[in-house]
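Colleague: structure35.csv is the file, holding CSV, C-alpha atoms:
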```
chain,number,residue,atom,x,y,z
A,1,MET,CA,-14.6,12.2,15.3
A,2,TRP,CA,-14.3,14.3,18.4
A,3,ALA,CA,-14.4,17.8,16.7
A,4,CYS,CA,-17.7,19.1,18.1
A,5,SER,CA,-17.3,22.2,16.0
A,6,LEU,CA,-17.8,20.0,12.9
A,7,MET,CA,-21.0,18.6,14.3
A,8,GLN,CA,-24.3,20.1,15.4
A,9,ARG,CA,-23.0,21.7,18.6
A,10,GLN,CA,-23.7,25.4,18.8
A,11,ASP,CA,-22.3,26.4,22.3
A,12,PHE,CA,-18.5,26.5,22.6
A,13,ALA,CA,-18.2,28.2,25.9
A,14,PHE,CA,-16.6,25.0,27.2
A,15,GLU,CA,-13.5,25.7,25.1
A,16,LYS,CA,-12.7,28.9,26.9
A,17,LEU,CA,-12.1,27.5,30.4
A,18,ARG,CA,-8.6,27.0,31.9
A,19,TRP,CA,-7.7,25.0,35.0
A,20,GLN,CA,-6.2,27.1,37.8
A,21,PRO,CA,-4.2,25.2,40.4
A,22,LYS,CA,-4.3,26.5,44.0
A,23,GLY,CA,-1.1,28.3,45.1
A,24,CYS,CA,0.8,28.2,41.8
A,25,GLU,CA,0.7,29.5,38.2
A,26,MET,CA,0.7,26.6,35.7
A,27,GLU,CA,2.9,27.4,32.7
A,28,GLU,CA,0.9,27.9,29.6
A,29,PHE,CA,1.3,25.2,27.0
A,30,GLU,CA,3.0,26.2,23.8
A,31,GLY,CA,3.7,23.8,20.9
A,32,PRO,CA,7.2,25.1,20.0
A,33,LYS,CA,8.2,25.2,23.7
A,34,PHE,CA,7.0,21.6,24.2
A,35,LEU,CA,9.0,20.4,21.1
A,36,LYS,CA,12.1,22.1,22.3
A,37,ARG,CA,12.0,20.7,25.9
A,38,MET,CA,11.2,17.2,24.6
A,39,GLN,CA,13.9,17.2,22.0
A,40,ASP,CA,15.2,13.7,21.2
A,41,LYS,CA,12.6,12.2,23.5
A,42,THR,CA,9.6,9.8,23.1
A,43,LEU,CA,6.3,10.3,24.8
A,44,ALA,CA,3.9,7.3,24.8
A,45,PHE,CA,0.3,7.0,25.8
A,46,VAL,CA,-0.8,3.4,26.5
A,47,GLY,CA,-4.4,2.7,27.4
A,48,ASP,CA,-8.0,2.9,26.3
A,49,SER,CA,-10.0,5.3,24.1
A,50,LEU,CA,-9.6,8.0,26.7
A,51,GLY,CA,-5.9,7.6,26.4
A,52,ARG,CA,-6.3,7.9,22.7
A,53,GLN,CA,-8.2,11.1,23.2
A,54,GLN,CA,-5.4,12.5,25.3
A,55,PHE,CA,-2.9,11.5,22.6
A,56,GLN,CA,-5.0,13.2,19.9
A,57,SER,CA,-5.4,16.3,22.1
A,58,LEU,CA,-1.7,16.6,22.5
A,59,MET,CA,-1.0,16.2,18.8
A,60,CYS,CA,-3.5,19.0,18.1
A,61,MET,CA,-2.0,21.2,20.8
A,62,ILE,CA,1.5,20.8,19.4
A,63,THR,CA,0.5,21.5,15.8
A,64,ALA,CA,-2.3,24.0,16.5
A,65,GLY,CA,-4.4,21.8,14.3
A,66,LYS,CA,-2.4,22.5,11.2
A,67,ASP,CA,-0.8,20.1,8.8
A,68,ARG,CA,3.0,20.0,9.1
A,69,SER,CA,5.5,18.8,6.5
A,70,ASP,CA,8.0,17.9,9.2
A,71,VAL,CA,5.8,15.3,10.9
A,72,LEU,CA,6.7,11.7,9.9
A,73,ASP,CA,4.5,8.6,10.5
A,74,VAL,CA,6.8,6.1,12.3
A,75,GLY,CA,4.2,3.6,13.4
A,76,ASN,CA,6.0,0.8,11.7
A,77,GLU,CA,9.0,1.3,14.1
A,78,TYR,CA,6.6,0.2,16.9
A,79,GLY,CA,4.6,-2.4,15.1
A,80,LEU,CA,1.7,0.0,14.8
A,81,ILE,CA,0.4,-1.2,11.4
A,82,LEU,CA,-3.0,-2.0,10.1
A,83,PRO,CA,-3.8,-5.7,10.7
A,84,PRO,CA,-5.6,-7.6,7.9
A,85,GLY,CA,-9.3,-7.1,8.2
A,86,SER,CA,-9.0,-4.2,10.8
A,87,THR,CA,-10.3,-0.7,10.3
A,88,ARG,CA,-7.5,0.9,12.2
A,89,PRO,CA,-4.1,0.0,13.7
A,90,ASN,CA,-3.4,-0.7,17.3
A,91,GLY,CA,-2.0,2.8,17.6
A,92,TRP,CA,-0.1,5.6,16.0
A,93,ALA,CA,3.4,7.1,16.3
A,94,TYR,CA,4.5,10.4,14.8
A,95,ARG,CA,7.9,12.1,14.8
A,96,PHE,CA,8.5,15.8,14.7
A,97,LEU,CA,11.6,16.1,12.7
A,98,SER,CA,12.4,19.6,13.8
A,99,THR,CA,13.4,18.4,17.3
A,100,ASN,CA,13.3,14.6,16.9
A,101,ILE,CA,10.5,14.1,19.4
A,102,THR,CA,8.1,11.1,18.9
A,103,VAL,CA,4.6,11.1,20.3
A,104,LEU,CA,2.7,7.7,20.2
A,105,TYR,CA,-0.4,5.9,21.3
A,106,TYR,CA,-0.9,2.2,21.8
A,107,TRP,CA,-4.3,0.7,22.4
A,108,SER,CA,-4.5,-1.5,25.5
A,109,SER,CA,-7.9,-0.9,27.1
A,110,GLY,CA,-7.2,-3.4,29.9
A,111,LEU,CA,-3.6,-2.5,30.4
A,112,CYS,CA,-2.6,-6.2,30.3
A,113,GLU,CA,-1.4,-8.7,27.8
A,114,LEU,CA,-3.9,-10.2,25.3
A,115,GLU,CA,-3.0,-13.5,23.7
A,116,PRO,CA,-5.1,-15.3,21.1
A,117,LEU,CA,-5.9,-18.9,22.2
A,118,ASP,CA,-6.0,-20.1,18.6
A,119,VAL,CA,-4.1,-17.9,16.1
A,120,LYS,CA,-5.7,-19.8,13.2
A,121,ASP,CA,-9.2,-19.1,14.3
A,122,PRO,CA,-10.5,-15.6,13.4
A,123,GLN,CA,-13.2,-16.0,16.1
A,124,THR,CA,-10.8,-17.2,18.8
A,125,GLU,CA,-11.0,-16.2,22.4
A,126,TYR,CA,-8.2,-14.2,23.9
A,127,ALA,CA,-6.4,-14.9,27.1
A,128,MET,CA,-6.5,-11.7,29.2
A,129,HIS,CA,-3.4,-12.1,31.4
A,130,LEU,CA,-4.2,-9.9,34.4
A,131,ASP,CA,-0.7,-10.4,35.9
A,132,ARG,CA,1.2,-9.5,32.8
A,133,PRO,CA,1.8,-6.0,31.4
A,134,PRO,CA,1.1,-5.3,27.7
A,135,SER,CA,3.7,-7.0,25.5
A,136,PHE,CA,4.1,-3.6,23.8
A,137,LEU,CA,5.6,-2.2,27.0
A,138,ARG,CA,8.0,-5.1,27.5
A,139,GLN,CA,9.1,-4.7,23.9
A,140,PHE,CA,9.5,-0.9,23.6
A,141,LEU,CA,9.9,0.5,27.1
A,142,HIS,CA,13.6,1.1,26.5
A,143,LYS,CA,12.7,3.6,23.7
A,144,ILE,CA,10.2,5.6,25.9
A,145,ASP,CA,11.1,8.7,27.9
A,146,VAL,CA,7.7,9.7,29.2
A,147,LEU,CA,5.0,7.1,29.6
A,148,VAL,CA,1.3,7.7,30.5
A,149,LEU,CA,-0.9,4.7,31.3
A,150,ASN,CA,-4.6,4.5,31.9
A,151,THR,CA,-7.5,2.0,32.0
A,152,GLY,CA,-10.9,1.8,33.5
A,153,HIS,CA,-14.0,1.9,31.3
A,154,HIS,CA,-13.6,-1.5,29.5
A,155,TRP,CA,-13.8,-3.4,32.7
A,156,ASN,CA,-17.4,-4.7,32.4
A,157,ARG,CA,-18.9,-8.1,31.4
A,158,GLY,CA,-20.3,-6.7,28.1
A,159,LYS,CA,-16.9,-5.6,26.9
A,160,LEU,CA,-15.3,-8.9,27.8
A,161,ARG,CA,-18.0,-10.9,26.0
A,162,ALA,CA,-17.9,-8.7,22.9
A,163,ASN,CA,-14.1,-8.9,22.7
A,164,ARG,CA,-14.0,-12.6,23.6
A,165,TRP,CA,-11.6,-12.0,26.5
A,166,VAL,CA,-11.1,-14.7,29.1
A,167,MET,CA,-9.4,-13.8,32.4
A,168,TYR,CA,-6.1,-15.6,33.0
A,169,VAL,CA,-3.8,-15.5,36.0
A,170,GLY,CA,-0.5,-17.4,36.2
A,171,GLY,CA,-0.9,-18.6,32.6
A,172,ALA,CA,-4.2,-20.4,33.2
A,173,PRO,CA,-7.9,-19.4,33.3
A,174,ASN,CA,-8.6,-17.6,36.5
A,175,THR,CA,-10.3,-19.7,39.3
A,176,ASN,CA,-10.0,-17.1,42.0
A,177,LYS,CA,-13.6,-15.9,42.7
A,178,LYS,CA,-12.4,-12.7,44.3
A,179,ILE,CA,-10.4,-11.6,41.2
A,180,ALA,CA,-13.4,-12.7,39.0
A,181,ASN,CA,-15.2,-9.6,40.3
A,182,MET,CA,-14.7,-6.9,37.6
A,183,GLY,CA,-13.7,-4.1,40.0
A,184,ARG,CA,-11.2,-6.4,41.8
A,185,ALA,CA,-9.9,-7.7,38.5
A,186,LYS,CA,-9.3,-4.2,37.3
A,187,ASN,CA,-7.5,-3.2,40.5
A,188,PHE,CA,-5.5,-6.4,40.4
A,189,THR,CA,-4.3,-5.7,36.9
A,190,ILE,CA,-3.5,-2.0,37.6
A,191,HIS,CA,-1.4,-3.0,40.6
A,192,ASN,CA,0.4,-5.7,38.7
A,193,THR,CA,1.3,-3.5,35.7
A,194,VAL,CA,2.4,-0.5,37.9
A,195,LYS,CA,4.4,-2.9,40.1
A,196,TRP,CA,6.1,-4.3,37.0
A,197,LEU,CA,6.8,-0.8,35.7
A,198,ASP,CA,8.2,0.3,39.0
A,199,SER,CA,10.6,-2.7,38.8
A,200,GLN,CA,11.8,-1.4,35.4
A,201,VAL,CA,12.4,2.3,36.5
A,202,PRO,CA,15.9,1.6,37.9
A,203,LYS,CA,16.9,0.0,34.5
A,204,HIS,CA,15.7,3.1,32.6
A,205,PRO,CA,16.8,6.1,34.7
A,206,HIS,CA,15.6,8.4,31.8
A,207,LEU,CA,12.0,7.3,32.2
A,208,LYS,CA,9.3,9.4,33.7
A,209,ALA,CA,6.2,7.2,34.2
A,210,PHE,CA,2.7,8.3,35.0
A,211,TYR,CA,-0.6,6.5,35.7
A,212,ARG,CA,-3.5,8.7,34.8
A,213,SER,CA,-6.5,8.5,37.1
A,214,ILE,CA,-9.9,7.6,35.6
A,215,SER,CA,-11.8,10.0,33.4
A,216,PRO,CA,-15.3,10.5,34.8
A,217,ARG,CA,-18.5,9.6,33.0
A,218,HIS,CA,-21.7,11.8,33.2
A,219,PHE,CA,-24.5,9.4,32.3
A,220,VAL,CA,-27.7,10.6,33.9
A,221,ASN,CA,-30.4,8.1,34.9
A,222,GLY,CA,-28.8,5.0,33.5
A,223,ASP,CA,-25.9,3.9,31.2
A,224,TRP,CA,-24.7,4.5,27.6
A,225,ASN,CA,-27.1,2.0,26.1
A,226,THR,CA,-30.3,2.7,28.1
A,227,GLY,CA,-31.4,6.0,26.6
A,228,VAL,CA,-29.6,8.3,29.2
A,229,SER,CA,-28.5,11.8,28.5
A,230,CYS,CA,-25.8,14.4,29.3
A,231,ASN,CA,-27.4,17.4,27.6
A,232,ASN,CA,-25.9,20.2,29.7
A,233,THR,CA,-23.8,22.6,27.6
A,234,LYS,CA,-23.4,25.3,30.3
A,235,PRO,CA,-19.9,25.3,31.9
A,236,MET,CA,-19.6,25.1,35.7
A,237,SER,CA,-23.3,24.2,36.2
A,238,ILE,CA,-22.3,21.5,38.7
A,239,GLY,CA,-19.3,23.3,40.3
A,240,LYS,CA,-16.3,25.4,39.4
A,241,GLU,CA,-13.7,24.3,41.9
A,242,VAL,CA,-12.2,21.3,43.5
A,243,LEU,CA,-11.6,21.6,47.3
A,244,GLN,CA,-10.6,18.0,48.1
A,245,GLU,CA,-6.9,17.3,48.7
A,246,GLY,CA,-6.8,13.7,47.7
A,247,SER,CA,-7.7,12.0,44.5
A,248,SER,CA,-11.2,10.6,43.7
A,249,ASP,CA,-9.6,7.6,42.1
A,250,HIS,CA,-8.6,5.5,45.2
A,251,ALA,CA,-7.5,2.5,43.1
A,252,ALA,CA,-5.0,4.6,41.2
A,253,VAL,CA,-3.6,6.2,44.4
A,254,SER,CA,-3.2,2.8,45.9
A,255,ALA,CA,-1.4,1.4,42.9
A,256,VAL,CA,1.2,4.1,42.6
A,257,ARG,CA,1.9,4.5,46.3
A,258,TRP,CA,5.5,3.8,47.3
A,259,THR,CA,6.5,3.4,43.6
A,260,GLY,CA,8.5,5.4,41.1
A,261,VAL,CA,5.3,5.8,39.0
A,262,LYS,CA,3.6,9.2,39.5
A,263,LEU,CA,-0.1,9.9,39.6
A,264,LEU,CA,-1.5,12.1,36.9
A,265,ASP,CA,-4.7,13.1,38.7
A,266,ILE,CA,-7.4,14.4,36.4
A,267,THR,CA,-10.6,12.9,37.9
A,268,ALA,CA,-12.0,15.6,40.2
A,269,LEU,CA,-11.2,18.5,37.9
A,270,SER,CA,-12.9,16.6,35.0
A,271,GLN,CA,-15.9,15.7,37.2
A,272,VAL,CA,-17.1,19.3,37.2
A,273,ARG,CA,-16.9,19.5,33.3
A,274,ASP,CA,-20.0,17.6,32.4
A,275,GLU,CA,-20.7,20.1,29.6
A,276,GLY,CA,-17.6,19.0,27.7
A,277,HIS,CA,-18.8,15.6,26.4
A,278,ILE,CA,-19.7,14.5,22.9
A,279,SER,CA,-23.3,13.9,24.1
A,280,ARG,CA,-25.9,13.5,21.4
A,281,ILE,CA,-24.0,15.2,18.6
A,282,CYS,CA,-21.8,12.3,17.8
A,283,ILE,CA,-21.8,11.6,14.1
A,284,THR,CA,-21.6,7.9,14.6
A,285,SER,CA,-24.1,7.5,17.4
A,286,SER,CA,-27.3,5.4,17.1
A,287,PRO,CA,-30.7,7.0,17.8
A,288,GLY,CA,-31.3,7.4,21.5
A,289,VAL,CA,-27.6,6.8,22.4
A,290,GLN,CA,-25.5,9.6,23.8
A,291,ASP,CA,-21.7,9.6,24.4
A,292,CYS,CA,-21.3,10.9,28.0
A,293,LEU,CA,-17.8,9.3,28.3
A,294,HIS,CA,-15.7,10.8,25.5
A,295,TRP,CA,-14.9,14.5,25.3
A,296,CYS,CA,-15.1,17.2,22.6
A,297,LEU,CA,-11.8,18.3,21.3
A,298,PRO,CA,-10.6,20.9,21.8
A,299,GLY,CA,-11.7,20.4,25.4
A,300,VAL,CA,-11.1,18.8,28.8
A,301,PRO,CA,-8.2,16.4,27.7
A,302,ASP,CA,-6.2,19.6,26.8
A,303,THR,CA,-6.2,20.3,30.5
A,304,TRP,CA,-4.8,16.9,31.2
A,305,ASN,CA,-1.9,17.6,28.9
A,306,GLU,CA,-1.3,21.0,30.4
A,307,ILE,CA,-0.9,19.3,33.8
A,308,LEU,CA,1.2,16.6,32.2
A,309,PHE,CA,3.5,19.1,30.6
A,310,ALA,CA,3.9,20.9,34.0
A,311,GLN,CA,4.8,17.7,35.7
A,312,ILE,CA,7.2,16.7,33.0
```
Render the structure in this file as structure tokens.
Modeller:
Amino acid sequence: MWACSLMQRQDFAFEKLRWQPKGCEMEEFEGPKFLKRMQDKTLAFVGDSLGRQQFQSLMCMITAGKDRSDVLDVGNEYGLILPPGSTRPNGWAYRFLSTNITVLYYWSSGLCELEPLDVKDPQTEYAMHLDRPPSFLRQFLHKIDVLVLNTGHHWNRGKLRANRWVMYVGGAPNTNKKIANMGRAKNFTIHNTVKWLDSQVPKHPHLKAFYRSISPRHFVNGDWNTGVSCNNTKPMSIGKEVLQEGSSDHAAVSAVRWTGVKLLDITALSQVRDEGHISRICITSSPGVQDCLHWCLPGVPDTWNEILFAQI
């Protein structure tokens, strides 16, 4: 669904760019090298659809896009099965038998626990516990060696209404008007989940934990559902370098400060890559709707994984 080469896109210059950090040579990513260094380890992505893209990018980078007979679907070990009536599971987990490395993704767009208020009602609302990490993390953190968290683009009223999510704090509906603000609710949740994760790091000395900064959107003159566009296909048309020292995602910086969770900062370098989005060529898009949020693969998320590999 992200393979722009299988759609109508004709210009693939965006695939030929590589990020160059200042003052150092970043090691080139190689699938066999990654598998060897991550032997007997588990790498988990937990987050929204951009986290899913990073997971899918890494799987393709490891395999070079080819089917492999030594890759085993182990989703059932992590409860990642297809729920009744759903079109896809809450995530995927694959094990490379050659070096016993597991790569998985778990969908948690808000990075907090979701709890159905009435398990018998298929149209039930869900308690969105802003002060509780996803139950998946509490259940499986001991099995994870490298963890990458992210959230951001689901924090709007439309998404909450569509998913029937109700903000909860302290086990009850939120009554704090300050937290009711979407931006503050997001930051409150990020801080709480990172704080919980930091408290777990001493118990899991093998764990390397990252919070990935937000992936930028490039909607021009509006939003995704108001007929906007991101038609540019020419690389580096809005810039080709990042000169700032600090991250553009101040909420992420604040959340990880003085913790054992590291920042995987991809925001500014992705901001200059507006040509890499799905744009109008998405095979599932409605007329007049462009995807200026998700990325073509191969593409920008590959850079995120190169940086992740270097930091690991």
Colleague: In Å, how far is it from CA of His191 (chain A) to CA of Thr151 (chain A)?
Modeller: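 Atom-to-atom, CA of His191 (chain A) to CA of Thr151 (chain A), that is 11.7 Å.
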Colleague: Give me the residues within 12 Å of Asn174 (chain A) as a list in words, counting only C-alpha atoms and dropping any in the same chain fewer than 4 places off.
Modeller: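 Here the answer would be Ala127, Met128, His129, Leu130, Asp131, Trp165, Val166, Met167, Tyr168, Val169, Gly170, Lys178, Ile179, Ala180, Asn181 and Ala185 of chain A.
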Colleague: Near Leu308 (chain A), counting only C-alpha atoms, which residues have an atom at most 12 Å away, once you skip same-chain residues fewer than 3 positions from it, shown as an mmCIF file with C-alpha atoms, in the coordinates of the input?
Modeller:
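The new file selection10.cif reads:
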```cif
data_model
loop_
_atom_site.group_PDB
_atom_site.id
_atom_site.type_symbol
_atom_site.label_atom_id
_atom_site.label_comp_id
_atom_site.auth_asym_id
_atom_site.auth_seq_id
_atom_site.Cartn_x
_atom_site.Cartn_y
_atom_site.Cartn_z
ATOM 1 C CA MET A 26 0.700 26.600 35.700
ATOM 2 C CA GLU A 27 2.900 27.400 32.700
ATOM 3 C CA GLU A 28 0.900 27.900 29.600
ATOM 4 C CA PHE A 29 1.300 25.200 27.000
ATOM 5 C CA PHE A 34 7.000 21.600 24.200
ATOM 6 C CA LEU A 43 6.300 10.300 24.800
ATOM 7 C CA PHE A 45 0.300 7.000 25.800
ATOM 8 C CA GLN A 54 -5.400 12.500 25.300
ATOM 9 C CA PHE A 55 -2.900 11.500 22.600
ATOM 10 C CA LEU A 58 -1.700 16.600 22.500
ATOM 11 C CA VAL A 146 7.700 9.700 29.200
ATOM 12 C CA LEU A 147 5.000 7.100 29.600
ATOM 13 C CA VAL A 148 1.300 7.700 30.500
ATOM 14 C CA LYS A 208 9.300 9.400 33.700
ATOM 15 C CA ALA A 209 6.200 7.200 34.200
ATOM 16 C CA PHE A 210 2.700 8.300 35.000
ATOM 17 C CA TYR A 211 -0.600 6.500 35.700
ATOM 18 C CA ARG A 212 -3.500 8.700 34.800
ATOM 19 C CA LYS A 262 3.600 9.200 39.500
ATOM 20 C CA LEU A 263 -0.100 9.900 39.600
ATOM 21 C CA LEU A 264 -1.500 12.100 36.900
ATOM 22 C CA ASP A 265 -4.700 13.100 38.700
ATOM 23 C CA ILE A 266 -7.400 14.400 36.400
ATOM 24 C CA PRO A 301 -8.200 16.400 27.700
ATOM 25 C CA ASP A 302 -6.200 19.600 26.800
ATOM 26 C CA THR A 303 -6.200 20.300 30.500
ATOM 27 C CA TRP A 304 -4.800 16.900 31.200
ATOM 28 C CA ASN A 305 -1.900 17.600 28.900
ATOM 29 C CA GLN A 311 4.800 17.700 35.700
ATOM 30 C CA ILE A 312 7.200 16.700 33.000
#
```
Colleague: Restricting the calculation to all atoms listed in the file: of A:Arg157, A:Lys66, A:Pro205, A:Pro235, which residue gets closest to Gly183 (chain A)?
Modeller: A:Arg157
Colleague: Counting all atoms listed in the file, which of A:Leu149, A:Ala44, A:Met59, A:Val71 gets nearest to Leu104 (chain A)?
Modeller: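 Looking at the shortest contact to Leu104 (chain A), the residue is A:Ala44.
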Colleague: Grab the CA of Gly158 (chain A) to CA of Ser109 (chain A) distance for me, in Å with one decimal place.
Modeller: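 CA of Ser109 (chain A) lies at a distance of 13.7 Å from CA of Gly158 (chain A).
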Colleague: Quick one, how far is CA of Glu113 (chain A) from CA of Asn156 (chain A)?
Modeller: 17.1 Å
Colleague: Hey, which of A:Pro134, A:Pro216, A:Gly239, A:Gly23 ends up closest to Asn192 (chain A)? Count only C-alpha atoms.
Modeller: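 The answer is A:Pro134, which sits nearest to Asn192 (chain A).
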Colleague: At a cut-off of 10 Å around the point (1.7, 9.6, 10.4) (file coordinates), what residues fall inside when counting all atoms listed in the file? I'd like the answer as a list of chain:residue names.
Modeller: A:Val71, A:Leu72, A:Asp73, A:Val74, A:Gly75, A:Asn76, A:Trp92, A:Ala93, A:Tyr94, A:Arg95
Colleague: From the options A:Trp2, A:Phe12, A:Trp19, A:Trp107, which residue's atoms come nearest to Cys60 (chain A), counting all atoms listed in the file?
Modeller: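 Residue with the minimum atom-to-atom distance to Cys60 (chain A): A:Trp2.
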Colleague: Can you pull out every residue within 10 Å of Lys240 (chain A), counting all atoms listed in the file, but drop anything in the same chain fewer than 4 positions away, and send it as a PyMOL selection string?
Modeller: chain A and resi 19+235-236+269+271-273
Colleague: With all atoms listed in the file as the atoms that count, which of A:Asp145, A:Asp67, A:Asp121, A:Glu275 lies nearest to Phe14 (chain A)?
Modeller: A:Glu275
Colleague: Which is closer to Val253 (chain A) than all the others in A:Ile307, A:Val194, A:Met7, A:Cys296, using only C-alpha atoms?
Modeller: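 When distances to Val253 (chain A) are compared using only C-alpha atoms, the smallest one comes from A:Val194.
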Colleague: Residues at most 12 Å from Lys22 (chain A), counting only C-alpha atoms, excluding those fewer than 4 positions away in the same chain, as a PyMOL selection string?
Modeller: chain A and resi 26+241-245
Colleague: Write out as a CSV table (one decimal) with C-alpha atoms, in the frame of the given file which residues come within 12 Å of Phe136 (chain A) when counting all atoms listed in the file, dropping same-chain ones fewer than 2 positions away.
Modeller:
```csv
chain,number,residue,atom,x,y,z
A,44,ALA,CA,3.9,7.3,24.8
A,45,PHE,CA,0.3,7.0,25.8
A,46,VAL,CA,-0.8,3.4,26.5
A,47,GLY,CA,-4.4,2.7,27.4
A,77,GLU,CA,9.0,1.3,14.1
A,78,TYR,CA,6.6,0.2,16.9
A,79,GLY,CA,4.6,-2.4,15.1
A,80,LEU,CA,1.7,0.0,14.8
A,90,ASN,CA,-3.4,-0.7,17.3
A,91,GLY,CA,-2.0,2.8,17.6
A,104,LEU,CA,2.7,7.7,20.2
A,105,TYR,CA,-0.4,5.9,21.3
A,106,TYR,CA,-0.9,2.2,21.8
A,107,TRP,CA,-4.3,0.7,22.4
A,108,SER,CA,-4.5,-1.5,25.5
A,111,LEU,CA,-3.6,-2.5,30.4
A,112,CYS,CA,-2.6,-6.2,30.3
A,113,GLU,CA,-1.4,-8.7,27.8
A,114,LEU,CA,-3.9,-10.2,25.3
A,132,ARG,CA,1.2,-9.5,32.8
A,133,PRO,CA,1.8,-6.0,31.4
A,134,PRO,CA,1.1,-5.3,27.7
A,138,ARG,CA,8.0,-5.1,27.5
A,139,GLN,CA,9.1,-4.7,23.9
A,140,PHE,CA,9.5,-0.9,23.6
A,141,LEU,CA,9.9,0.5,27.1
A,142,HIS,CA,13.6,1.1,26.5
A,143,LYS,CA,12.7,3.6,23.7
A,144,ILE,CA,10.2,5.6,25.9
```
Colleague: Fix up region 78-83 of chain A with all heavy atoms, then write it as a compact mmCIF listing (two decimals), keeping the file's coordinate frame.
Modeller:
```txt
# COMPACT_ATOMS: atom_id res chain seq x y z
N TYR A 78 7.20 0.76 15.67
CA TYR A 78 6.60 0.20 16.90
C TYR A 78 5.57 -0.84 16.65
O TYR A 78 4.79 -1.17 17.54
CB TYR A 78 6.00 1.39 17.71
CG TYR A 78 7.00 2.43 18.15
CD1 TYR A 78 7.32 3.52 17.32
CD2 TYR A 78 7.64 2.34 19.38
CE1 TYR A 78 8.25 4.47 17.72
CE2 TYR A 78 8.56 3.30 19.78
CZ TYR A 78 8.86 4.35 18.94
OH TYR A 78 9.78 5.29 19.35
N GLY A 79 5.59 -1.38 15.45
CA GLY A 79 4.60 -2.40 15.10
C GLY A 79 3.20 -1.93 14.99
O GLY A 79 2.25 -2.73 15.03
N LEU A 80 3.02 -0.63 14.82
CA LEU A 80 1.70 0.00 14.80
C LEU A 80 1.24 0.04 13.30
O LEU A 80 1.23 1.10 12.68
CB LEU A 80 1.68 1.33 15.41
CG LEU A 80 2.15 1.35 16.87
CD1 LEU A 80 2.20 2.77 17.40
CD2 LEU A 80 1.26 0.49 17.75
N ILE A 81 0.89 -1.11 12.77
CA ILE A 81 0.40 -1.20 11.40
C ILE A 81 -0.98 -1.73 11.35
O ILE A 81 -1.49 -2.25 12.34
CB ILE A 81 1.37 -2.14 10.58
CG1 ILE A 81 1.42 -3.53 11.22
CG2 ILE A 81 2.78 -1.55 10.48
CD1 ILE A 81 2.26 -4.53 10.45
N LEU A 82 -1.64 -1.57 10.21
CA LEU A 82 -3.00 -2.00 10.10
C LEU A 82 -3.10 -3.50 9.88
O LEU A 82 -2.68 -4.02 8.85
CB LEU A 82 -3.68 -1.27 8.90
CG LEU A 82 -5.18 -1.46 8.73
CD1 LEU A 82 -5.92 -0.81 9.90
CD2 LEU A 82 -5.65 -0.86 7.41
N PRO A 83 -3.64 -4.24 10.85
CA PRO A 83 -3.80 -5.70 10.70
C PRO A 83 -4.79 -6.04 9.62
O PRO A 83 -5.73 -5.27 9.38
CB PRO A 83 -4.25 -6.17 12.07
CG PRO A 83 -4.00 -5.02 13.01
CD PRO A 83 -4.12 -3.79 12.17
```
